[in-house]
$ cat query.csv   # CSV, C-alpha atoms
chain,number,residue,atom,x,y,z
A,1,MET,CA,2.0,-46.2,45.8
A,2,ASP,CA,4.2,-43.1,46.4
A,3,TYR,CA,7.2,-45.3,45.8
A,4,TRP,CA,5.8,-46.6,42.5
A,5,LEU,CA,4.9,-43.1,41.4
A,6,GLY,CA,8.4,-41.8,42.2
A,7,VAL,CA,7.2,-39.0,44.5
A,8,LEU,CA,9.2,-40.0,47.6
A,9,SER,CA,12.2,-38.0,48.7
A,10,SER,CA,15.5,-39.7,47.7
A,11,GLY,CA,16.1,-40.6,51.4
A,12,ALA,CA,12.7,-42.2,51.8
A,13,GLU,CA,13.0,-44.0,48.5
A,14,GLU,CA,16.4,-45.4,49.5
A,15,SER,CA,14.9,-46.7,52.8
A,16,VAL,CA,12.0,-48.4,50.9
A,17,GLU,CA,14.4,-50.0,48.4
A,18,GLU,CA,16.7,-51.3,51.2
A,19,HIS,CA,13.7,-52.8,52.9
A,20,LEU,CA,12.3,-54.3,49.7
A,21,MET,CA,15.6,-56.1,49.2
A,22,THR,CA,15.0,-58.1,52.4
A,23,CYS,CA,11.2,-58.4,52.6
A,24,ASP,CA,9.2,-60.5,50.2
A,25,ALA,CA,5.9,-59.7,52.0
A,26,CYS,CA,6.4,-56.0,51.1
A,27,GLY,CA,7.5,-57.1,47.6
A,28,ASN,CA,4.2,-58.9,47.2
A,29,ARG,CA,2.3,-55.8,48.4
A,30,LEU,CA,4.3,-53.7,45.9
A,31,ARG,CA,3.2,-56.1,43.1
A,32,GLU,CA,-0.5,-55.4,44.1
A,33,VAL,CA,0.2,-51.7,44.0
A,34,ILE,CA,1.8,-52.1,40.5
A,35,ALA,CA,-1.2,-54.1,39.3
A,36,LEU,CA,-3.6,-51.4,40.6
A,37,ALA,CA,-1.4,-48.6,39.1
A,38,GLU,CA,-1.2,-50.3,35.7
A,39,SER,CA,-4.9,-51.0,35.6
A,40,LEU,CA,-5.7,-47.4,36.5
A,41,ARG,CA,-3.3,-46.2,33.8
A,42,ALA,CA,-5.2,-48.4,31.2
A,43,LEU,CA,-8.5,-47.2,32.5
A,44,ALA,CA,-7.5,-43.5,32.4
A,45,LYS,CA,-6.3,-43.9,28.9
A,46,SER,CA,-9.4,-45.8,27.8
A,47,GLY,CA,-11.6,-42.7,27.7
A,48,SER,CA,-14.4,-44.6,29.3
A,49,LEU,CA,-14.6,-42.5,32.5
A,50,GLN,CA,-16.8,-39.4,32.9
A,51,VAL,CA,-14.4,-37.0,34.6
A,52,VAL,CA,-13.2,-33.4,34.6
A,53,ILE,CA,-9.8,-33.1,33.1
A,54,SER,CA,-7.1,-30.5,32.4
A,55,ASP,CA,-6.3,-28.9,29.1
A,56,ARG,CA,-2.8,-30.4,29.4
A,57,LEU,CA,-4.2,-33.9,29.4
A,58,VAL,CA,-6.3,-33.2,26.3
A,59,LYS,CA,-3.1,-31.9,24.5
A,60,GLN,CA,-1.1,-34.8,25.7
A,61,ALA,CA,-3.8,-37.2,24.3
A,62,THR,CA,-3.7,-35.5,21.0
A,63,GLU,CA,0.1,-35.4,20.9
A,64,THR,CA,0.3,-39.1,21.5
A,65,GLY,CA,-1.9,-39.8,18.5
A,66,LEU,CA,-5.3,-40.4,20.1
A,67,ARG,CA,-8.4,-39.2,18.3
A,68,VAL,CA,-10.0,-36.6,20.5
A,69,ARG,CA,-13.5,-35.4,19.5
A,70,GLU,CA,-14.1,-32.1,21.1
A,71,TYR,CA,-17.1,-29.9,21.3
A,72,ALA,CA,-17.0,-26.4,22.7
A,73,PRO,CA,-20.5,-24.8,22.6
A,74,ALA,CA,-20.8,-21.1,23.5
A,75,LEU,CA,-22.7,-20.2,26.6
A,76,GLY,CA,-26.4,-21.0,26.1
A,77,GLU,CA,-25.7,-22.6,22.7
A,78,SER,CA,-27.2,-25.9,21.3
A,79,ILE,CA,-24.9,-27.9,19.1
A,80,GLN,CA,-25.1,-31.1,17.0
A,81,CYS,CA,-22.7,-33.8,18.0
A,82,THR,CA,-21.8,-37.4,17.4
A,83,VAL,CA,-19.0,-39.9,18.0
A,84,ALA,CA,-17.3,-42.1,15.4
A,85,ALA,CA,-16.1,-45.7,15.9
A,86,ASP,CA,-12.4,-44.7,15.8
A,87,ASP,CA,-12.7,-41.8,18.3
A,88,ASP,CA,-10.7,-42.4,21.5
A,89,LEU,CA,-11.7,-39.5,23.7
A,90,LEU,CA,-14.9,-37.4,23.8
A,91,VAL,CA,-14.5,-34.0,25.4
A,92,ALA,CA,-16.8,-31.0,26.1
A,93,ARG,CA,-15.4,-27.6,26.8
A,94,LEU,CA,-18.0,-25.6,28.8
A,95,ALA,CA,-17.1,-21.9,29.0
A,96,ALA,CA,-18.4,-19.9,31.9
A,97,ASP,CA,-17.4,-17.3,34.4
A,98,LEU,CA,-16.3,-19.3,37.3
A,99,THR,CA,-14.8,-16.4,39.3
A,100,THR,CA,-17.8,-16.0,41.6
A,101,ALA,CA,-18.3,-19.6,42.5
A,102,SER,CA,-16.8,-21.3,45.5
A,103,ARG,CA,-18.3,-24.7,44.5
A,104,VAL,CA,-19.4,-25.8,41.1
A,105,ASP,CA,-21.6,-28.7,40.2
A,106,LEU,CA,-22.1,-30.1,36.7
A,107,SER,CA,-25.6,-31.3,36.2
A,108,TRP,CA,-26.5,-33.5,33.2
A,109,CYS,CA,-30.2,-33.3,32.2
A,110,GLY,CA,-32.3,-35.2,29.8
A,111,PRO,CA,-34.2,-33.5,26.9
A,112,GLY,CA,-37.0,-32.4,29.3
A,113,GLY,CA,-34.5,-30.7,31.5
A,114,VAL,CA,-34.8,-33.3,34.3
A,115,GLU,CA,-31.5,-34.0,35.9
A,116,VAL,CA,-30.2,-37.5,35.3
A,117,HIS,CA,-26.8,-37.2,36.8
A,118,ARG,CA,-24.9,-34.7,38.9
A,119,MET,CA,-21.2,-34.3,39.1
A,120,ALA,CA,-20.9,-32.6,42.5
A,121,ASP,CA,-18.2,-30.2,43.5
A,122,ILE,CA,-16.1,-30.6,40.4
A,123,PRO,CA,-12.5,-29.4,40.4
A,124,VAL,CA,-12.4,-25.9,38.8
A,125,ARG,CA,-10.0,-23.1,39.0
A,126,ALA,CA,-11.7,-19.7,39.3
A,127,ASP,CA,-9.6,-18.1,36.5
A,128,ALA,CA,-9.8,-21.0,34.1
A,129,GLY,CA,-12.8,-19.7,32.2
A,130,ASP,CA,-14.0,-23.2,31.2
A,131,VAL,CA,-14.6,-26.7,32.5
A,132,ILE,CA,-13.3,-29.6,30.4
A,133,CYS,CA,-15.4,-32.7,30.9
A,134,GLN,CA,-14.5,-36.0,29.4
A,135,GLN,CA,-17.6,-38.0,28.6
A,136,SER,CA,-17.4,-41.8,28.5
A,137,ILE,CA,-16.6,-42.7,24.9
A,138,THR,CA,-18.0,-46.2,25.6
A,139,TRP,CA,-21.3,-44.7,26.7
A,140,ALA,CA,-21.4,-42.3,23.8
A,141,LYS,CA,-20.7,-44.9,21.2
A,142,ALA,CA,-23.5,-47.0,22.5
A,143,SER,CA,-25.9,-44.1,23.0
A,144,PRO,CA,-29.0,-43.7,20.7
A,145,THR,CA,-29.8,-40.4,19.1
A,146,THR,CA,-30.8,-38.1,22.0
A,147,SER,CA,-30.3,-34.7,23.6
A,148,MET,CA,-28.5,-33.8,26.8
A,149,VAL,CA,-28.3,-30.5,28.6
A,150,ALA,CA,-25.2,-29.7,30.7
A,151,ARG,CA,-25.7,-27.1,33.4
A,152,LEU,CA,-22.8,-25.6,35.3
A,153,LEU,CA,-24.2,-24.6,38.7
A,154,ALA,CA,-22.6,-22.4,41.4
A,155,ILE,CA,-23.5,-23.7,44.9
A,156,ASP,CA,-23.5,-21.6,48.0
A,157,SER,CA,-25.5,-21.0,51.2
A,158,ASN,CA,-28.3,-19.3,49.2
A,159,GLY,CA,-28.8,-22.4,47.0
A,160,GLU,CA,-27.7,-22.8,43.4
A,161,ARG,CA,-27.5,-20.5,40.4
A,162,VAL,CA,-26.9,-21.4,36.8
A,163,LEU,CA,-23.5,-20.3,35.5
A,164,GLY,CA,-24.0,-21.8,32.0
A,165,GLU,CA,-26.2,-24.1,30.1
A,166,PHE,CA,-25.2,-26.1,27.0
A,167,THR,CA,-27.3,-28.4,24.9
A,168,PHE,CA,-25.9,-31.4,23.0
A,169,HIS,CA,-28.0,-33.0,20.3
A,170,HIS,CA,-26.3,-36.3,19.9
A,171,THR,CA,-26.8,-38.2,16.6
A,172,ARG,CA,-26.0,-41.8,16.5
A,173,THR,CA,-23.7,-42.7,13.6
A,174,ILE,CA,-22.5,-46.1,14.8
A,175,PRO,CA,-25.1,-48.9,14.1
A,176,GLY,CA,-27.0,-50.1,17.1
A,177,PRO,CA,-30.4,-50.5,18.7
A,178,PRO,CA,-32.6,-47.3,18.5
A,179,GLY,CA,-33.0,-47.0,22.2
A,180,TRP,CA,-31.4,-48.1,25.5
B,1,MET,CA,18.1,-77.5,52.3
B,2,HIS,CA,19.3,-73.9,52.2
B,3,VAL,CA,15.8,-72.5,52.5
B,4,GLY,CA,16.2,-71.9,56.3
B,5,LEU,CA,19.4,-70.0,56.0
B,6,THR,CA,19.7,-66.2,56.2
B,7,ASP,CA,21.0,-64.1,53.3
B,8,ALA,CA,24.2,-63.6,55.3
B,9,ASP,CA,24.6,-67.4,55.7
B,10,LEU,CA,24.4,-67.9,51.9
B,11,ALA,CA,27.3,-65.5,50.9
B,12,PRO,CA,30.2,-67.6,52.4
B,13,LEU,CA,28.6,-70.8,51.1
B,14,ILE,CA,28.6,-69.4,47.6
B,15,ALA,CA,32.2,-68.3,48.0
B,16,GLU,CA,33.0,-72.0,48.9
B,17,GLY,CA,31.4,-73.1,45.6
B,18,ASP,CA,28.0,-74.3,46.9
B,19,ARG,CA,25.7,-74.3,43.8
B,20,GLU,CA,22.6,-74.9,45.9
B,21,ALA,CA,23.4,-71.7,47.9
B,22,GLU,CA,23.7,-69.9,44.6
B,23,ALA,CA,20.4,-71.2,43.4
B,24,GLU,CA,18.7,-70.2,46.7
B,25,MET,CA,20.2,-66.7,46.5
B,26,CYS,CA,18.9,-66.3,42.9
B,27,ARG,CA,15.5,-67.6,44.0
B,28,ARG,CA,15.3,-65.0,46.8
B,29,MET,CA,16.9,-62.0,45.1
B,30,GLY,CA,15.6,-62.5,41.5
B,31,PRO,CA,12.0,-61.2,42.2
B,32,ARG,CA,13.3,-58.4,44.4
B,33,ILE,CA,15.7,-57.2,41.6
B,34,ARG,CA,12.9,-57.5,39.1
B,35,LEU,CA,10.7,-55.2,41.2
B,36,TYR,CA,13.4,-52.7,41.4
B,37,GLY,CA,13.7,-52.9,37.6
B,38,LEU,CA,9.9,-52.4,37.2
B,39,ARG,CA,10.0,-49.3,39.3
B,40,HIS,CA,13.0,-47.7,37.6
B,41,LEU,CA,12.9,-49.0,34.0
B,42,ARG,CA,9.1,-49.2,33.7
B,43,SER,CA,9.2,-52.2,31.4
B,44,PRO,CA,8.8,-55.9,32.2
B,45,SER,CA,11.4,-57.0,29.6
B,46,ALA,CA,13.9,-54.4,30.9
B,47,ALA,CA,13.3,-55.6,34.5
B,48,ASP,CA,13.9,-59.2,33.4
B,49,ASP,CA,17.1,-58.1,31.7
B,50,LEU,CA,18.2,-56.2,34.9
B,51,ARG,CA,17.5,-59.3,37.0
B,52,GLN,CA,19.7,-61.4,34.8
B,53,GLN,CA,22.6,-59.0,34.7
B,54,VAL,CA,22.5,-58.2,38.4
B,55,LEU,CA,22.4,-61.9,39.4
B,56,MET,CA,25.4,-62.7,37.1
B,57,LYS,CA,27.4,-59.8,38.7
B,58,ILE,CA,26.4,-60.9,42.2
B,59,ILE,CA,27.3,-64.5,41.7
B,60,GLU,CA,30.6,-63.6,40.1
B,61,ALA,CA,31.4,-61.3,43.0
B,62,LEU,CA,30.3,-63.9,45.7
B,63,ARG,CA,32.3,-66.7,44.0
B,64,ALA,CA,35.3,-64.5,44.1
B,65,GLY,CA,34.7,-63.7,47.7
B,66,ARG,CA,34.5,-60.0,47.0
B,67,LEU,CA,31.7,-59.4,49.5
B,68,ARG,CA,33.6,-58.5,52.7
B,69,GLU,CA,30.7,-58.1,55.1
B,70,ARG,CA,28.4,-61.0,54.6
B,71,ASP,CA,25.4,-59.4,56.3
B,72,LYS,CA,25.5,-56.7,53.7
B,73,LEU,CA,24.3,-58.9,50.8
B,74,ALA,CA,21.0,-57.0,50.4
B,75,GLN,CA,22.8,-53.7,50.2
B,76,PHE,CA,25.3,-55.1,47.8
B,77,VAL,CA,22.5,-56.3,45.5
B,78,LEU,CA,20.7,-52.9,45.8
B,79,GLY,CA,23.9,-51.1,44.9
B,80,THR,CA,24.5,-53.4,41.9
B,81,CYS,CA,20.9,-52.8,40.8
B,82,ARG,CA,21.5,-49.0,40.9
B,83,MET,CA,24.8,-49.2,38.9
B,84,THR,CA,23.3,-51.6,36.4
B,85,VAL,CA,20.2,-49.4,35.8
B,86,LEU,CA,22.5,-46.5,35.1
B,87,ASP,CA,24.4,-48.7,32.6
B,88,LEU,CA,21.2,-49.9,31.0
B,89,ARG,CA,19.9,-46.3,30.6
B,90,ARG,CA,23.2,-45.4,28.9
B,91,ASN,CA,23.1,-48.4,26.6
B,92,ALA,CA,19.3,-48.6,26.1
B,93,HIS,CA,19.5,-48.8,22.3
B,94,ARG,CA,22.0,-51.6,22.3
B,95,GLN,CA,20.1,-53.5,25.0
B,96,ASP,CA,16.9,-53.3,22.9
B,97,GLU,CA,18.7,-54.8,19.9
B,98,LEU,CA,20.1,-57.7,22.0
B,99,LEU,CA,16.8,-58.4,23.7
B,100,ALA,CA,15.1,-58.5,20.4
B,101,MET,CA,17.6,-61.0,19.2
B,102,PHE,CA,18.0,-63.2,22.2
B,103,GLY,CA,15.4,-62.1,24.7
B,104,GLY,CA,13.0,-65.0,24.1
B,105,ASP,CA,15.7,-67.6,24.8
B,106,LEU,CA,17.3,-65.9,27.8
B,107,VAL,CA,14.5,-64.4,29.8
B,108,PRO,CA,12.5,-66.9,31.9
B,109,ASP,CA,8.8,-66.5,32.6
B,110,PRO,CA,8.4,-63.5,34.9
B,111,PRO,CA,6.7,-64.0,38.3
B,112,SER,CA,2.9,-63.6,38.0
B,113,MET,CA,1.4,-60.3,38.8
B,114,PRO,CA,-2.0,-60.0,40.6
B,115,ARG,CA,-4.9,-59.6,38.1
B,116,LEU,CA,-7.6,-57.1,38.8
B,117,ASP,CA,-11.2,-57.1,37.6
B,118,ASP,CA,-11.1,-54.1,35.2
B,119,SER,CA,-14.9,-53.7,35.2
B,120,GLN,CA,-15.0,-53.6,38.9
B,121,LEU,CA,-12.1,-51.1,39.0
B,122,ALA,CA,-14.0,-48.8,36.5
B,123,ARG,CA,-17.1,-48.9,38.8
B,124,CYS,CA,-14.9,-48.1,41.8
B,125,VAL,CA,-13.2,-45.2,40.0
B,126,GLN,CA,-16.6,-43.8,38.9
B,127,ALA,CA,-17.8,-44.0,42.5
B,128,LEU,CA,-15.0,-41.6,43.7
B,129,LYS,CA,-15.7,-38.0,44.4
B,130,GLU,CA,-15.2,-35.8,41.3
B,131,ARG,CA,-12.0,-34.2,42.6
B,132,GLU,CA,-10.5,-37.6,43.5
B,133,ARG,CA,-11.4,-39.1,40.1
B,134,SER,CA,-9.7,-36.1,38.3
B,135,VAL,CA,-6.6,-36.5,40.4
B,136,VAL,CA,-6.5,-40.3,39.8
B,137,VAL,CA,-6.9,-39.9,36.0
B,138,MET,CA,-4.3,-37.1,35.8
B,139,THR,CA,-1.9,-39.0,38.0
B,140,PHE,CA,-2.0,-42.2,36.0
B,141,TYR,CA,-2.8,-41.0,32.5
B,142,ASP,CA,0.7,-39.6,31.9
B,143,GLU,CA,2.0,-39.5,35.4
B,144,GLN,CA,1.5,-35.8,36.0
B,145,THR,CA,3.3,-34.6,39.0
B,146,ALA,CA,1.5,-33.3,42.1
B,147,SER,CA,2.7,-29.8,41.2
B,148,GLU,CA,1.0,-30.0,37.7
B,149,THR,CA,-2.2,-31.4,39.1
B,150,ALA,CA,-2.2,-28.8,41.9
B,151,ARG,CA,-2.0,-26.0,39.3
B,152,PHE,CA,-5.0,-27.4,37.5
B,153,LEU,CA,-7.0,-27.8,40.7
B,154,GLY,CA,-5.9,-24.4,42.1
B,155,THR,CA,-4.7,-26.1,45.3
B,156,SER,CA,-1.5,-27.1,47.0
B,157,GLU,CA,0.7,-30.0,46.2
B,158,ALA,CA,0.2,-31.3,49.7
B,159,ASN,CA,-3.5,-31.3,49.2
B,160,VAL,CA,-3.2,-33.2,45.9
B,161,ARG,CA,-1.2,-35.9,47.7
B,162,VAL,CA,-3.9,-36.1,50.4
B,163,ILE,CA,-6.6,-36.4,47.8
B,164,ARG,CA,-4.6,-39.1,45.9
B,165,HIS,CA,-3.9,-41.0,49.1
B,166,ARG,CA,-7.6,-40.9,50.0
B,167,ALA,CA,-8.7,-42.0,46.5
B,168,ILE,CA,-6.2,-44.9,46.4
B,169,ARG,CA,-7.2,-46.1,49.8
B,170,GLN,CA,-10.9,-46.0,48.8
B,171,LEU,CA,-10.1,-47.9,45.5
B,172,ARG,CA,-8.2,-50.6,47.4
B,173,ALA,CA,-11.1,-51.0,49.8
B,174,CYS,CA,-13.5,-51.0,46.9
B,175,MET,CA,-11.5,-53.7,45.1
B,176,GLY,CA,-11.2,-55.8,48.2
B,177,ALA,CA,-7.5,-55.3,48.5
B,178,SER,CA,-7.7,-53.7,52.0
B,179,SER,CA,-8.5,-57.1,53.5
$ encode --input "query.csv" --output "structure tokens"
Amino acid sequence: MDYWLGVLSSGAEESVEEHLMTCDACGNRLREVIALAESLRALAKSGSLQVVISDRLVKQATETGLRVREYAPALGESIQCTVAADDDLLVARLAADLTTASRVDLSWCGPGGVEVHRMADIPVRADAGDVICQQSITWAKASPTTSMVARLLAIDSNGERVLGEFTFHHTRTIPGPPGW
Amino acid sequence: MHVGLTDADLAPLIAEGDREAEAEMCRRMGPRIRLYGLRHLRSPSAADDLRQQVLMKIIEALRAGRLRERDKLAQFVLGTCRMTVLDLRRNAHRQDELLAMFGGDLVPDPPSMPRLDDSQLARCVQALKERERSVVVMTFYDEQTASETARFLGTSEANVRVIRHRAIRQLRACMGASS
């Protein structure tokens, strides 16, 4: 995979290429790697994954012509949101003070505040000031009108404390069944 | 009949005008050249074009007996690949025009690539740890370097490479490729 990604040193890359010119078994293995890499690329671009991403990736998506629907509620705020049929990416920017947290979880809760899904130990940089979470666009397009609460939690030996809470009131605008 | 011969055995036969040896050399080297092209040109059609150009140059050189050390055929092919990729990059625009005009007639069907179950892959990626999933998405979305990803994660490039290796290994196992 390192060879395909172009991250080997020039000497190592040269050795791999010399070997590939004489070994079809490794060539077949490289074909498997390429297939995996290409499928991962398509999946990453599909917007269908729930994943914490960088600001650079959001900018890159916008620059390449993707329709990015972005919500950035203030700390403690409730906002109305939706997703349209031609949206490509759905992104939430959750602003919070991350400087005091050694580990951060992102907990997604239903309207009653009961946790339905937890993204444990998400990648955050202490000085970032926010967490950018891509929500699955496939899920959002199929979702009925509902509310979700996102809680950023600092985890340490004393337990967990809330760094920020954000409520999303999702209104369905794409026709579909009223519930799951 | 030439299937059992080594690469080194093929070179002098081609110099003697043996067309079967040429065909066997093309059968062996064609897919290897194409892989090199996929890696460096990132395009199946450009890789096909590279394969064709390199094979023509190799056959021409072998027929003329220009390969002095016959056990260096693979290195000769690799060197020709490198030079041709440089030429292709320099003349990319002209190549695109020619391919658009003649590509369909000249380029044979490419060797089949393995097919993956995309739904299964999505489930496997979603099952990764959050940090691993972020690294995978950022690596493959627009081929961000380990250094860019490391800046985002607030960690070292070496750690990003470790996370990526671990994630890829887990994905291959999840997809059944490890077997």
$ closest_residue --input "query.csv" --among "A:Cys26, A:Leu163, A:Ala37, A:Leu89" --to "A:Gly65" --atoms "only C-alpha atoms"
A:Leu89
$ closest_atom_pairs --input "query.csv" --of "chain A" --to "chain B" --cutoff "8 Å" --atoms "only C-alpha atoms" --output "tab-separated table"
residue	atom	partner	partner_atom	distance
A:Trp4	CA	B:Arg39	CA	5.9
A:Leu5	CA	B:Glu143	CA	7.6
A:Glu17	CA	B:Leu78	CA	7.4
A:Glu18	CA	B:Gln75	CA	6.6
A:Leu20	CA	B:Arg32	CA	6.8
A:Met21	CA	B:Ala74	CA	5.6
A:Thr22	CA	B:Ala74	CA	6.4
A:Asp24	CA	B:Arg32	CA	7.4
A:Gly27	CA	B:Arg32	CA	6.8
A:Arg31	CA	B:Met113	CA	6.3
A:Glu32	CA	B:Pro114	CA	6.0
A:Ala35	CA	B:Pro114	CA	6.1
A:Leu36	CA	B:Leu116	CA	7.2
A:Ala37	CA	B:Phe140	CA	7.1
A:Ser39	CA	B:Asp118	CA	6.9
A:Leu40	CA	B:Phe140	CA	6.4
A:Arg41	CA	B:Phe140	CA	4.7
A:Ala42	CA	B:Tyr141	CA	7.9
A:Leu43	CA	B:Ala122	CA	7.0
A:Ala44	CA	B:Val137	CA	5.1
A:Lys45	CA	B:Tyr141	CA	5.8
A:Leu49	CA	B:Gln126	CA	6.8
A:Gln50	CA	B:Gln126	CA	7.4
A:Val51	CA	B:Ser134	CA	6.0
A:Val52	CA	B:Ser134	CA	5.8
A:Ile53	CA	B:Ser134	CA	6.0
A:Ser54	CA	B:Phe152	CA	6.3
A:Leu57	CA	B:Met138	CA	7.2
A:Met119	CA	B:Glu130	CA	6.6
A:Ala120	CA	B:Glu130	CA	6.6
A:Asp121	CA	B:Glu130	CA	6.7
A:Ile122	CA	B:Glu130	CA	5.4
A:Pro123	CA	B:Arg131	CA	5.3
A:Val124	CA	B:Leu153	CA	6.0
A:Arg125	CA	B:Gly154	CA	5.3
A:Ala126	CA	B:Gly154	CA	8.0
$ residues_around --input "query.csv" --residues "B:Ser43" --least-positions-apart "4" --cutoff "12 Å" --atoms "only C-alpha atoms" --output "PyMOL selection string"
(chain A and resi 34+38) or (chain B and resi 34-39+47-50+92+96+110)
$ write_last_selection --input "query.csv" --atoms "C-alpha atoms" --output "JSON list (two decimals), in the frame of the given file"
[["chain", "number", "residue", "atom", "x", "y", "z"],
["A", 34, "ILE", "CA", 1.80, -52.10, 40.50],
["A", 38, "GLU", "CA", -1.20, -50.30, 35.70],
["B", 34, "ARG", "CA", 12.90, -57.50, 39.10],
["B", 35, "LEU", "CA", 10.70, -55.20, 41.20],
["B", 36, "TYR", "CA", 13.40, -52.70, 41.40],
["B", 37, "GLY", "CA", 13.70, -52.90, 37.60],
["B", 38, "LEU", "CA", 9.90, -52.40, 37.20],
["B", 39, "ARG", "CA", 10.00, -49.30, 39.30],
["B", 47, "ALA", "CA", 13.30, -55.60, 34.50],
["B", 48, "ASP", "CA", 13.90, -59.20, 33.40],
["B", 49, "ASP", "CA", 17.10, -58.10, 31.70],
["B", 50, "LEU", "CA", 18.20, -56.20, 34.90],
["B", 92, "ALA", "CA", 19.30, -48.60, 26.10],
["B", 96, "ASP", "CA", 16.90, -53.30, 22.90],
["B", 110, "PRO", "CA", 8.40, -63.50, 34.90]]
$ atom_distance --input "query.csv" --atom1 "atom CA of A:Gln80" --atom2 "atom CA of A:Gln60"
25.8 Å
$ atom_distance --input "query.csv" --atom1 "atom CA of A:Val104" --atom2 "atom CA of A:Leu153"
5.5 Å
$ residues_near_point --input "query.csv" --point "(-31.7, -31.6, 35.0)" --cutoff "9 Å" --atoms "all atoms listed in the file" --output "PyMOL selection string"
chain A and resi 107-118+149-151
$ write_last_selection --input "query.csv" --atoms "C-alpha atoms" --output "tab-separated table (two decimals), in the frame of the given file"
chain	number	residue	atom	x	y	z
A	107	SER	CA	-25.60	-31.30	36.20
A	108	TRP	CA	-26.50	-33.50	33.20
A	109	CYS	CA	-30.20	-33.30	32.20
A	110	GLY	CA	-32.30	-35.20	29.80
A	111	PRO	CA	-34.20	-33.50	26.90
A	112	GLY	CA	-37.00	-32.40	29.30
A	113	GLY	CA	-34.50	-30.70	31.50
A	114	VAL	CA	-34.80	-33.30	34.30
A	115	GLU	CA	-31.50	-34.00	35.90
A	116	VAL	CA	-30.20	-37.50	35.30
A	117	HIS	CA	-26.80	-37.20	36.80
A	118	ARG	CA	-24.90	-34.70	38.90
A	149	VAL	CA	-28.30	-30.50	28.60
A	150	ALA	CA	-25.20	-29.70	30.70
A	151	ARG	CA	-25.70	-27.10	33.40
$ atom_distance --input "query.csv" --atom1 "atom CA of A:Leu8" --atom2 "atom CA of B:Ile58"
27.6 Å
$ residues_near_point --input "query.csv" --point "(-21.4, -22.9, 32.8)" --cutoff "6 Å" --atoms "all atoms listed in the file" --output "list in words"
Leu94, Ala95, Ala96, Leu152, Leu163, Gly164 and Glu165 of chain A
$ closest_residue --input "query.csv" --among "A:Ser15, A:Thr100, A:Ser48, A:Thr138" --to "A:Arg161" --atoms "all atoms listed in the file"
A:Thr100
$ closest_residue --input "query.csv" --among "A:His19, A:Arg29, A:Arg93, A:Arg69" --to "A:Ile132" --atoms "all atoms listed in the file"
A:Arg93
$ closest_residue --input "query.csv" --among "B:Ala11, B:Cys81, B:Val3, B:Ala173" --to "B:Arg27" --atoms "all atoms listed in the file"
B:Val3
$ closest_residue --input "query.csv" --among "B:His2, B:Arg89, B:Arg68, B:Arg51" --to "B:Glu20" --atoms "only C-alpha atoms"
B:His2
